[in-house]
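S.K.: I have a structure I would like to understand better, so I am pasting it below and will then ask my questions one at a time.
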Amino acid sequence: MKTNTTQLAAARRAIEAIAVREGISVEDVRREISLAILTAQPKDASIVSAIPCAGLVPTPEELIAYCVSKL
């Protein structure tokens, strides 16, 4: 599965909505999601490696798009 720009845009909007709801910055939301990805990676690399991404580690938007595609 390749993540498309529409899915990434929807994920960006979701991150923005979370930031507004929680009263924090978009960067804070992205940082927390990135930390969760990095924390999960050593415990079960197969899960993280299954997420299609442009780099070595998925971005928060790529993670959200992947999760939505699995629902």
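Each chain of the structure tokens is named A, B, ... in the order shown, its residues numbered from 1; ligands are numbered from 1 in display order.
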Could you name the residues that touch range 5-17 of chain A at 6 Å or less, counting only C-alpha atoms, but leaving out those on the same chain fewer than 6 positions away, as an MDAnalysis selection string?
M.R.: chainID A and resid 26 61 64:65
S.K.: Please produce an output containing N, CA, C and O atoms for each residue in the selection, written as an mmCIF file, in the first residue's frame.
M.R.:
data_model
loop_
_atom_site.group_PDB
_atom_site.id
_atom_site.type_symbol
_atom_site.label_atom_id
_atom_site.label_comp_id
_atom_site.auth_asym_id
_atom_site.auth_seq_id
_atom_site.Cartn_x
_atom_site.Cartn_y
_atom_site.Cartn_z
ATOM 1 N N VAL A 26 0.727 22.023 16.888
ATOM 2 C CA VAL A 26 0.787 20.908 15.950
ATOM 3 C C VAL A 26 2.117 20.183 16.124
ATOM 4 O O VAL A 26 2.163 18.947 16.086
ATOM 5 N N GLU A 61 1.997 11.476 10.031
ATOM 6 C CA GLU A 61 0.963 11.428 9.009
ATOM 7 C C GLU A 61 0.908 10.058 8.333
ATOM 8 O O GLU A 61 -0.175 9.539 8.070
ATOM 9 N N ILE A 64 -0.788 7.615 10.769
ATOM 10 C CA ILE A 64 -2.236 7.822 10.835
ATOM 11 C C ILE A 64 -2.909 7.284 9.574
ATOM 12 O O ILE A 64 -3.911 6.567 9.652
ATOM 13 N N ALA A 65 -2.350 7.600 8.409
ATOM 14 C CA ALA A 65 -2.924 7.127 7.153
ATOM 15 C C ALA A 65 -2.942 5.601 7.113
ATOM 16 O O ALA A 65 -3.919 4.983 6.667
#
S.K.: Fewer than 4 positions away in the same chain doesn't count, so skip those; otherwise give me all residues within 12 Å of Leu35 in chain A, counting only C-alpha atoms, as a list in words.
M.R.: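 So, after excluding close chain neighbours, the residues are Glu27, Asp28, Val29, Arg30, Arg31, Thr39, Ala40, Gln41, Val57, Pro58, Thr59 and Pro60 of chain A.
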S.K.: Name the residues of chain A that come out as helix (DSSP H, G or I) in a backbone DSSP run; write them as a PyMOL selection string.
M.R.: chain A and resi 5-22+26-43+45-49+60-70
S.K.: Give me the residues within 9 Å of Leu63 in chain A as a ChimeraX atom specification, counting only C-alpha atoms and dropping any in the same chain fewer than 4 places off.
M.R.: /A:11,33,37,48,51-53,58-59,67-68
S.K.: Quick one: distance from CA of Ala54 in chain A to CA of Ile18 in chain A in Å, one decimal?
M.R.: 23.8 Å
